[in-house]
>>> print(open('structure.cif').read())   # mmCIF, C-alpha atoms
data_data
#
loop_
_atom_site.label_atom_id
_atom_site.label_comp_id
_atom_site.auth_asym_id
_atom_site.auth_seq_id
_atom_site.Cartn_x
_atom_site.Cartn_y
_atom_site.Cartn_z
CA MET A 1 0.00 0.00 0.00
CA PRO A 2 2.74 2.58 0.81
CA SER A 3 4.41 1.95 -2.57
CA ILE A 4 1.07 2.48 -4.35
CA SER A 5 0.62 5.71 -2.40
CA ARG A 6 4.07 6.88 -3.39
CA VAL A 7 3.40 6.07 -7.07
CA GLY A 8 0.11 7.93 -6.86
CA GLY A 9 1.87 10.87 -5.21
CA VAL A 10 4.49 11.00 -7.98
CA GLY A 11 1.75 10.87 -10.60
CA GLN A 12 -0.12 13.74 -8.97
CA LEU A 13 3.08 15.74 -8.72
CA LYS A 14 3.82 15.20 -12.42
CA SER A 15 0.26 16.09 -13.32
CA ALA A 16 0.39 19.30 -11.27
CA LEU A 17 3.74 20.21 -12.78
CA LEU A 18 2.46 19.65 -16.33
CA ARG A 19 -0.61 21.79 -15.70
CA PHE A 20 1.52 24.52 -14.17
CA VAL A 21 3.87 24.47 -17.17
CA GLY A 22 0.93 24.48 -19.57
CA LEU A 23 -0.76 27.38 -17.79
CA LEU A 24 2.50 29.34 -17.56
CA GLY A 25 3.15 28.86 -21.28
CA VAL A 26 -0.38 29.93 -22.19
CA VAL A 27 -0.10 33.08 -20.05
CA LEU A 28 3.42 33.94 -21.25
CA PHE A 29 2.95 33.41 -24.97
CA GLY A 30 -0.69 34.48 -24.85
CA PHE A 31 0.28 37.87 -23.45
CA ALA A 32 3.10 38.26 -25.98
CA PHE A 33 0.82 37.29 -28.90
CA ILE A 34 -2.04 39.58 -27.83
CA ALA A 35 0.40 42.42 -27.12
CA THR A 36 1.46 42.48 -30.79
CA TRP A 37 -2.10 43.58 -31.60
CA ALA A 38 -3.15 45.44 -28.45
CA ILE A 39 0.03 47.44 -27.73
CA PRO A 40 1.15 49.55 -30.72
CA GLY A 41 4.90 49.37 -31.25
CA TYR A 42 5.38 46.51 -28.76
CA VAL A 43 7.55 44.34 -31.03
CA GLU A 44 9.08 47.38 -32.71
CA HIS A 45 10.33 48.70 -29.37
CA ALA A 46 11.62 45.29 -28.21
CA GLY A 47 13.51 44.71 -31.47
CA SER A 48 14.75 48.29 -31.94
CA GLU A 49 18.45 47.39 -31.80
CA PHE A 50 17.99 44.57 -34.31
CA ILE A 51 16.02 46.87 -36.64
CA ARG A 52 18.78 49.48 -36.41
CA SER A 53 21.51 46.95 -37.26
CA GLN A 54 19.43 45.53 -40.10
CA LEU A 55 18.96 49.01 -41.61
CA GLU A 56 22.70 49.69 -41.45
CA LYS A 57 23.35 46.41 -43.22
CA ILE A 58 20.76 47.22 -45.91
CA ALA A 59 22.22 50.73 -46.38
CA HIS A 60 25.75 49.40 -46.94
CA GLU A 61 24.47 46.79 -49.38
CA LYS A 62 22.58 49.48 -51.29
CA ILE A 63 25.62 51.73 -51.49
CA ASP A 64 27.78 48.84 -52.69
CA SER A 65 25.27 48.04 -55.44
CA LEU A 66 25.23 51.54 -56.96
CA GLU A 67 27.68 50.70 -59.75
CA GLN A 68 25.87 47.52 -60.75
CA GLN A 69 22.55 49.35 -60.93
CA VAL A 70 23.99 52.07 -63.16
CA SER A 71 25.81 49.70 -65.50
CA GLY A 72 22.69 47.58 -65.82
CA GLY A 73 20.51 50.55 -66.72
CA ALA A 74 19.39 52.00 -70.02
CA LEU A 75 22.78 53.50 -70.89
CA GLY A 76 24.42 50.09 -70.96
CA ARG A 77 28.01 50.23 -72.19
CA ILE A 78 28.16 54.02 -72.10
CA ALA A 79 27.42 53.89 -68.37
CA GLU A 80 30.22 51.35 -67.88
CA VAL A 81 32.68 53.65 -69.66
CA LEU A 82 31.60 56.58 -67.48
CA ILE A 83 32.03 54.46 -64.35
CA ALA A 84 35.53 53.46 -65.41
CA LYS A 85 36.50 57.11 -66.02
CA ASN A 86 34.99 58.34 -62.77
CA GLN A 87 35.85 55.42 -60.50
CA VAL A 88 37.74 57.58 -58.00
CA THR A 89 34.83 60.02 -57.70
CA ILE A 90 32.33 57.20 -57.32
CA GLU A 91 34.38 55.49 -54.62
CA LYS A 92 34.75 58.79 -52.77
CA THR A 93 30.99 59.37 -52.98
CA LYS A 94 30.25 55.87 -51.72
CA GLU A 95 32.68 56.30 -48.82
CA GLN A 96 31.03 59.59 -47.86
CA LEU A 97 27.66 57.86 -47.95
CA ARG A 98 28.95 55.03 -45.75
CA GLU A 99 30.24 57.51 -43.18
CA LYS A 100 26.74 58.93 -42.83
CA VAL A 101 24.97 55.56 -42.53
CA PRO A 102 24.86 55.43 -38.67
CA GLU A 103 23.69 59.06 -38.58
CA LYS A 104 21.02 58.45 -41.22
CA VAL A 105 19.82 55.24 -39.59
CA ALA A 106 19.57 56.94 -36.19
CA ALA A 107 17.54 59.78 -37.70
CA VAL A 108 15.26 57.39 -39.57
CA VAL A 109 14.65 55.20 -36.51
CA ALA A 110 13.93 58.23 -34.32
CA GLU A 111 11.39 59.56 -36.83
CA MET A 112 9.73 56.28 -37.77
CA LYS A 113 9.31 55.07 -34.17
CA ASP A 114 6.74 57.83 -33.67
CA LEU A 115 3.55 55.78 -34.12
CA SER A 116 1.47 58.91 -34.76
CA CYS A 117 3.60 60.01 -37.71
CA GLU A 118 1.82 59.90 -41.07
CA CYS A 119 5.17 58.97 -42.63
CA ARG A 120 4.67 55.38 -41.47
CA ASN A 121 1.70 54.88 -43.78
CA LYS A 122 3.45 56.69 -46.61
CA TYR A 123 6.55 54.51 -46.51
CA ALA A 124 4.61 51.34 -45.81
CA GLN A 125 2.86 51.91 -49.14
CA MET A 126 6.17 52.61 -50.86
CA ILE A 127 7.34 49.08 -50.02
CA ARG A 128 5.26 47.85 -52.96
CA VAL A 129 6.46 50.58 -55.29
CA GLY A 130 10.21 50.26 -54.73
CA MET A 131 12.85 52.95 -55.32
CA ASN A 132 15.18 53.38 -58.31
CA TRP A 133 18.69 54.67 -57.78
CA GLN A 134 21.26 56.29 -60.04
CA VAL A 135 24.59 58.00 -59.37
CA GLU A 136 23.80 61.68 -58.75
CA SER A 137 25.17 64.41 -56.53
CA LEU A 138 26.09 63.47 -52.97
CA GLU A 139 23.34 65.68 -51.56
CA ALA A 140 20.69 64.09 -53.76
CA MET A 141 21.94 60.60 -52.93
CA ASN A 142 21.87 61.35 -49.21
CA LEU A 143 18.24 62.35 -49.53
CA LYS A 144 17.45 59.22 -51.51
CA LEU A 145 19.30 57.08 -48.98
CA GLN A 146 17.17 58.49 -46.18
CA GLU A 147 13.96 57.96 -48.17
CA PHE A 148 15.05 54.43 -49.04
CA LEU A 149 15.83 53.62 -45.39
CA LYS A 150 12.41 54.85 -44.26
CA THR A 151 10.78 52.45 -46.70
CA LYS A 152 13.03 49.61 -45.56
CA TYR A 153 12.32 50.46 -41.92
CA MET A 154 8.63 49.73 -42.41
CA GLU A 155 9.47 46.59 -44.40
CA VAL A 156 11.73 45.23 -41.65
CA VAL A 157 9.25 46.15 -38.90
CA ASN A 158 6.35 44.47 -40.71
CA ARG A 159 8.35 41.28 -41.18
CA VAL A 160 9.64 41.21 -37.59
CA VAL A 161 6.09 41.67 -36.25
CA ALA A 162 4.76 38.91 -38.52
CA ASP A 163 7.55 36.51 -37.50
CA PHE A 164 7.02 37.31 -33.82
CA ARG A 165 3.30 36.62 -34.14
CA ILE A 166 3.97 33.28 -35.79
CA PHE A 167 6.49 32.40 -33.09
CA THR A 168 4.27 33.34 -30.13
CA GLY A 169 1.09 32.02 -31.76
CA CYS A 170 2.58 28.57 -32.39
CA ASN A 171 3.90 28.35 -28.83
CA LEU A 172 0.56 29.51 -27.43
CA ALA A 173 -1.27 26.81 -29.39
CA VAL A 174 1.07 24.01 -28.26
CA PHE A 175 0.97 25.01 -24.58
CA ALA A 176 -2.82 25.31 -24.77
CA VAL A 177 -3.01 21.76 -26.17
CA LEU A 178 -0.66 20.48 -23.43
CA LEU A 179 -2.82 22.10 -20.73
CA THR A 180 -6.03 20.75 -22.26
CA VAL A 181 -4.73 17.20 -22.69
CA SER A 182 -3.39 17.16 -19.11
CA PHE A 183 -7.01 17.55 -17.94
CA LEU A 184 -8.64 15.31 -20.56
CA LYS A 185 -6.06 12.53 -20.24
CA PRO A 186 -4.84 12.49 -16.62
CA GLN A 187 -3.84 8.84 -17.03
CA ALA A 188 -1.34 9.87 -19.72
CA VAL A 189 0.80 11.90 -17.33
CA THR A 190 3.90 9.77 -18.03
CA LEU A 191 3.65 10.26 -21.79
CA LEU A 192 2.81 13.96 -21.47
CA PHE A 193 5.91 14.49 -19.36
CA TYR A 194 8.17 14.10 -22.45
CA PRO A 195 6.62 16.80 -24.69
CA GLY A 196 6.21 18.95 -21.57
CA LEU A 197 9.95 18.69 -20.91
CA LEU A 198 10.73 19.65 -24.53
CA LEU A 199 8.51 22.71 -24.23
CA ILE A 200 10.15 23.73 -20.95
CA VAL A 201 13.61 23.56 -22.54
CA SER A 202 12.61 25.58 -25.61
CA THR A 203 10.78 28.17 -23.51
CA VAL A 204 13.71 28.65 -21.11
CA VAL A 205 16.13 29.09 -24.03
CA CYS A 206 13.84 31.50 -25.89
CA SER A 207 13.10 33.48 -22.71
CA TYR A 208 16.82 33.84 -21.99
CA PHE A 209 17.53 35.21 -25.46
CA TYR A 210 14.51 37.52 -25.35
CA LEU A 211 15.38 38.94 -21.93
CA PHE A 212 19.18 39.14 -22.20
CA GLU A 213 20.11 38.81 -25.89
CA GLN A 214 17.28 40.57 -27.70
CA ASN A 215 19.35 41.40 -30.77
CA SER A 216 20.33 37.73 -31.14
CA PHE A 217 16.73 36.65 -30.50
CA PHE A 218 15.33 38.78 -33.31
CA THR A 219 18.22 37.86 -35.59
CA LEU A 220 17.36 34.17 -35.18
CA LEU A 221 13.66 34.93 -35.59
CA TYR A 222 14.36 36.89 -38.78
CA ASN A 223 16.40 34.04 -40.24
CA ASN A 224 14.06 31.85 -42.29
CA PHE A 225 16.10 28.67 -41.85
CA VAL A 226 16.21 28.95 -38.07
CA GLY A 227 12.56 29.98 -37.98
CA MET A 228 11.46 26.97 -40.01
CA SER A 229 13.60 24.66 -37.84
CA TYR A 230 11.91 25.95 -34.70
CA LEU A 231 8.46 25.58 -36.26
CA ALA A 232 9.35 22.00 -37.16
CA TYR A 233 10.43 21.41 -33.54
CA VAL A 234 7.20 22.84 -32.14
CA GLY A 235 5.22 20.98 -34.81
CA GLY A 236 6.80 17.70 -33.69
CA VAL A 237 5.78 18.36 -30.08
CA PHE A 238 2.26 19.21 -31.28
CA LEU A 239 2.02 15.90 -33.17
CA VAL A 240 3.08 14.01 -30.04
CA LEU A 241 0.33 15.75 -28.06
CA CYS A 242 -2.21 14.93 -30.77
CA ASP A 243 -1.09 11.29 -30.73
CA ILE A 244 -1.61 11.15 -26.96
CA ALA A 245 -4.97 12.90 -27.13
CA LEU A 246 -6.45 11.15 -30.16
CA ASN A 247 -4.52 7.91 -30.56
CA ARG A 248 -3.91 6.92 -26.93
CA GLY A 249 -0.24 7.67 -27.48
CA ARG A 250 0.44 4.50 -29.48
CA VAL A 251 3.02 6.11 -31.77
CA THR A 252 4.72 7.90 -28.87
CA VAL A 253 4.89 4.67 -26.87
CA HIS A 254 6.42 2.84 -29.82
CA ILE A 255 9.06 5.57 -30.25
CA LEU A 256 9.92 5.74 -26.54
CA ASN A 257 10.22 1.97 -26.18
CA GLY A 258 12.28 1.86 -29.38
CA LEU A 259 14.67 4.43 -27.92
CA GLY A 260 15.09 2.31 -24.81
CA SER A 261 13.40 4.72 -22.41
CA SER A 262 14.02 3.92 -18.75
CA VAL A 263 10.31 4.37 -18.13
CA SER A 264 8.11 1.54 -19.37
CA ALA A 265 5.55 3.39 -21.50
CA VAL A 266 2.17 1.89 -22.38
CA PRO A 267 -0.77 3.30 -24.35
CA CYS A 268 -3.08 5.39 -22.18
#
>>> encode(input="structure.cif", output="structure tokens")
Amino acid sequence: MPSISRVGGVGQLKSALLRFVGLLGVVLFGFAFIATWAIPGYVEHAGSEFIRSQLEKIAHEKIDSLEQQVSGGALGRIAEVLIAKNQVTIEKTKEQLREKVPEKVAAVVAEMKDLSCECRNKYAQMIRVGMNWQVESLEAMNLKLQEFLKTKYMEVVNRVVADFRIFTGCNLAVFAVLLTVSFLKPQAVTLLFYPGLLLIVSTVVCSYFYLFEQNSFFTLLYNNFVGMSYLAYVGGVFLVLCDIALNRGRVTVHILNGLGSSVSAVPC
């Protein structure tokens, strides 16, 4: 009888822990997901340093591509001859542009972060239009660089917000399923412990990066390969939960026993 009591106590402890983890995940990711809609500029403010670094990168790439854009334009070979003759001037112009990139980016970020500014709508619409460049005077190019960066600012912000919503929305859904299944299938506490552990690990890692390494967090989020890998990871956990909820965990049991799990798993 004491051993049965101890087993029951362990099961109740695991069940309580799973429900706590599920509820914590729902609250955490639920707040973050809702905040992207309810709090204007929430993601934009959190990822401001990443957005700034991304704009500087885009600006340098744009400056470096000036020659290619001119030589590929309507003037064709004539443009290439002009570039060859004026290479020193062009390089000097590009270097002067590069020197002003941090200053321009800082000015653009300061202006565009004002959520009440009509410029946000203007440059959000210009994302679809695009901007054509040609080698002109330094003053004209500085103005175009600033206009270009304002358009790119809105483009980067829109993508970061969309990626953040996908990230938090997927996590919210998985934790909600874990919490629901923990109540619907209390006898499956042993099987649920494995996907619950995976979710705890991923949440701790993501929370660390978000709290202490925000620039790295948004860089990883912005990277399609990493983003898809994480979605695949969360998707795998979701499939395990669905197997437990709808298929009595038969596939999960087969996998665990095949891996030589120390816990003897049986369908619930």
>>> closest_residue(input="structure.cif", among="A:Phe29, A:Val21, A:Leu191, A:Arg98", to="Asn257 in chain A", atoms="all atoms listed in the file")
A:Leu191
>>> residues_near_point(input="structure.cif", point="(21.5, 55.0, -30.7)", cutoff="12 Å", atoms="only C-alpha atoms", output="number ranges by chain")
A: 48-53, 102-110
>>> write_last_selection(input="structure.cif", atoms="C-alpha atoms", output="JSON list (two decimals), in the frame of the given file")
[["chain", "number", "residue", "atom", "x", "y", "z"],
["A", 48, "SER", "CA", 14.75, 48.29, -31.94],
["A", 49, "GLU", "CA", 18.45, 47.39, -31.80],
["A", 50, "PHE", "CA", 17.99, 44.57, -34.31],
["A", 51, "ILE", "CA", 16.02, 46.87, -36.64],
["A", 52, "ARG", "CA", 18.78, 49.48, -36.41],
["A", 53, "SER", "CA", 21.51, 46.95, -37.26],
["A", 102, "PRO", "CA", 24.86, 55.43, -38.67],
["A", 103, "GLU", "CA", 23.69, 59.06, -38.58],
["A", 104, "LYS", "CA", 21.02, 58.45, -41.22],
["A", 105, "VAL", "CA", 19.82, 55.24, -39.59],
["A", 106, "ALA", "CA", 19.57, 56.94, -36.19],
["A", 107, "ALA", "CA", 17.54, 59.78, -37.70],
["A", 108, "VAL", "CA", 15.26, 57.39, -39.57],
["A", 109, "VAL", "CA", 14.65, 55.20, -36.51],
["A", 110, "ALA", "CA", 13.93, 58.23, -34.32]]
>>> resolve_selection(input="structure.cif", expression="the PyMOL selection byres ((chain A and resi 120) around 12)", output="PyMOL selection string")
chain A and resi 41+108-109+111-119+121-127+147+149-155+157-158
>>> write_last_selection(input="structure.cif", atoms="C-alpha atoms", output="JSON list (two decimals), keeping the file's coordinate frame")
[["chain", "number", "residue", "atom", "x", "y", "z"],
["A", 41, "GLY", "CA", 4.90, 49.37, -31.25],
["A", 108, "VAL", "CA", 15.26, 57.39, -39.57],
["A", 109, "VAL", "CA", 14.65, 55.20, -36.51],
["A", 111, "GLU", "CA", 11.39, 59.56, -36.83],
["A", 112, "MET", "CA", 9.73, 56.28, -37.77],
["A", 113, "LYS", "CA", 9.31, 55.07, -34.17],
["A", 114, "ASP", "CA", 6.74, 57.83, -33.67],
["A", 115, "LEU", "CA", 3.55, 55.78, -34.12],
["A", 116, "SER", "CA", 1.47, 58.91, -34.76],
["A", 117, "CYS", "CA", 3.60, 60.01, -37.71],
["A", 118, "GLU", "CA", 1.82, 59.90, -41.07],
["A", 119, "CYS", "CA", 5.17, 58.97, -42.63],
["A", 121, "ASN", "CA", 1.70, 54.88, -43.78],
["A", 122, "LYS", "CA", 3.45, 56.69, -46.61],
["A", 123, "TYR", "CA", 6.55, 54.51, -46.51],
["A", 124, "ALA", "CA", 4.61, 51.34, -45.81],
["A", 125, "GLN", "CA", 2.86, 51.91, -49.14],
["A", 126, "MET", "CA", 6.17, 52.61, -50.86],
["A", 127, "ILE", "CA", 7.34, 49.08, -50.02],
["A", 147, "GLU", "CA", 13.96, 57.96, -48.17],
["A", 149, "LEU", "CA", 15.83, 53.62, -45.39],
["A", 150, "LYS", "CA", 12.41, 54.85, -44.26],
["A", 151, "THR", "CA", 10.78, 52.45, -46.70],
["A", 152, "LYS", "CA", 13.03, 49.61, -45.56],
["A", 153, "TYR", "CA", 12.32, 50.46, -41.92],
["A", 154, "MET", "CA", 8.63, 49.73, -42.41],
["A", 155, "GLU", "CA", 9.47, 46.59, -44.40],
["A", 157, "VAL", "CA", 9.25, 46.15, -38.90],
["A", 158, "ASN", "CA", 6.35, 44.47, -40.71]]
>>> residues_around(input="structure.cif", residues="Leu231 in chain A", least_positions_apart="5", cutoff="9 Å", atoms="only C-alpha atoms", output="list in words")
Ile166, Phe167, Cys170, Val226 and Gly236 of chain A
>>> residues_around(input="structure.cif", residues="His60 in chain A", least_positions_apart="3", cutoff="8 Å", atoms="only C-alpha atoms", output="MDAnalysis selection string")
chainID A and resid 56:57 63:64 98 101
>>> resolve_selection(input="structure.cif", expression="the PyMOL selection byres ((chain A and resi 203) around 12)", output="PyMOL selection string")
chain A and resi 21-22+24-26+28-29+167-168+171-172+174-175+196-202+204-211+230+234
>>> atom_distance(input="structure.cif", atom1="CA of Phe212 in chain A", atom2="CA of Ala232 in chain A")
24.8 Å
>>> axis_aligned_box(input="structure.cif", around="range 251-255 of chain A", padding_each_side="3 Å", output="AutoDock Vina command-line options")
--center_x 6.0 --center_y 5.4 --center_z -29.3 --size_x 12.0 --size_y 11.1 --size_z 10.9
>>> resolve_selection(input="structure.cif", expression="the PyMOL selection byres ((chain A and resi 17) around 12)", output="compact mmCIF listing (two decimals) with C-alpha atoms, keeping the file's coordinate frame")
# COMPACT_ATOMS: atom_id res chain seq x y z
CA VAL A 10 4.49 11.00 -7.98
CA GLY A 11 1.75 10.87 -10.60
CA GLN A 12 -0.12 13.74 -8.97
CA LEU A 13 3.08 15.74 -8.72
CA LYS A 14 3.82 15.20 -12.42
CA SER A 15 0.26 16.09 -13.32
CA ALA A 16 0.39 19.30 -11.27
CA LEU A 18 2.46 19.65 -16.33
CA ARG A 19 -0.61 21.79 -15.70
CA PHE A 20 1.52 24.52 -14.17
CA VAL A 21 3.87 24.47 -17.17
CA GLY A 22 0.93 24.48 -19.57
CA LEU A 23 -0.76 27.38 -17.79
CA LEU A 24 2.50 29.34 -17.56
CA LEU A 178 -0.66 20.48 -23.43
CA LEU A 179 -2.82 22.10 -20.73
CA SER A 182 -3.39 17.16 -19.11
CA VAL A 189 0.80 11.90 -17.33
CA THR A 190 3.90 9.77 -18.03
CA LEU A 192 2.81 13.96 -21.47
CA PHE A 193 5.91 14.49 -19.36
CA GLY A 196 6.21 18.95 -21.57
CA LEU A 197 9.95 18.69 -20.91
CA ILE A 200 10.15 23.73 -20.95
>>> atom_distance(input="structure.cif", atom1="CA of Phe217 in chain A", atom2="CA of Ile34 in chain A")
19.2 Å
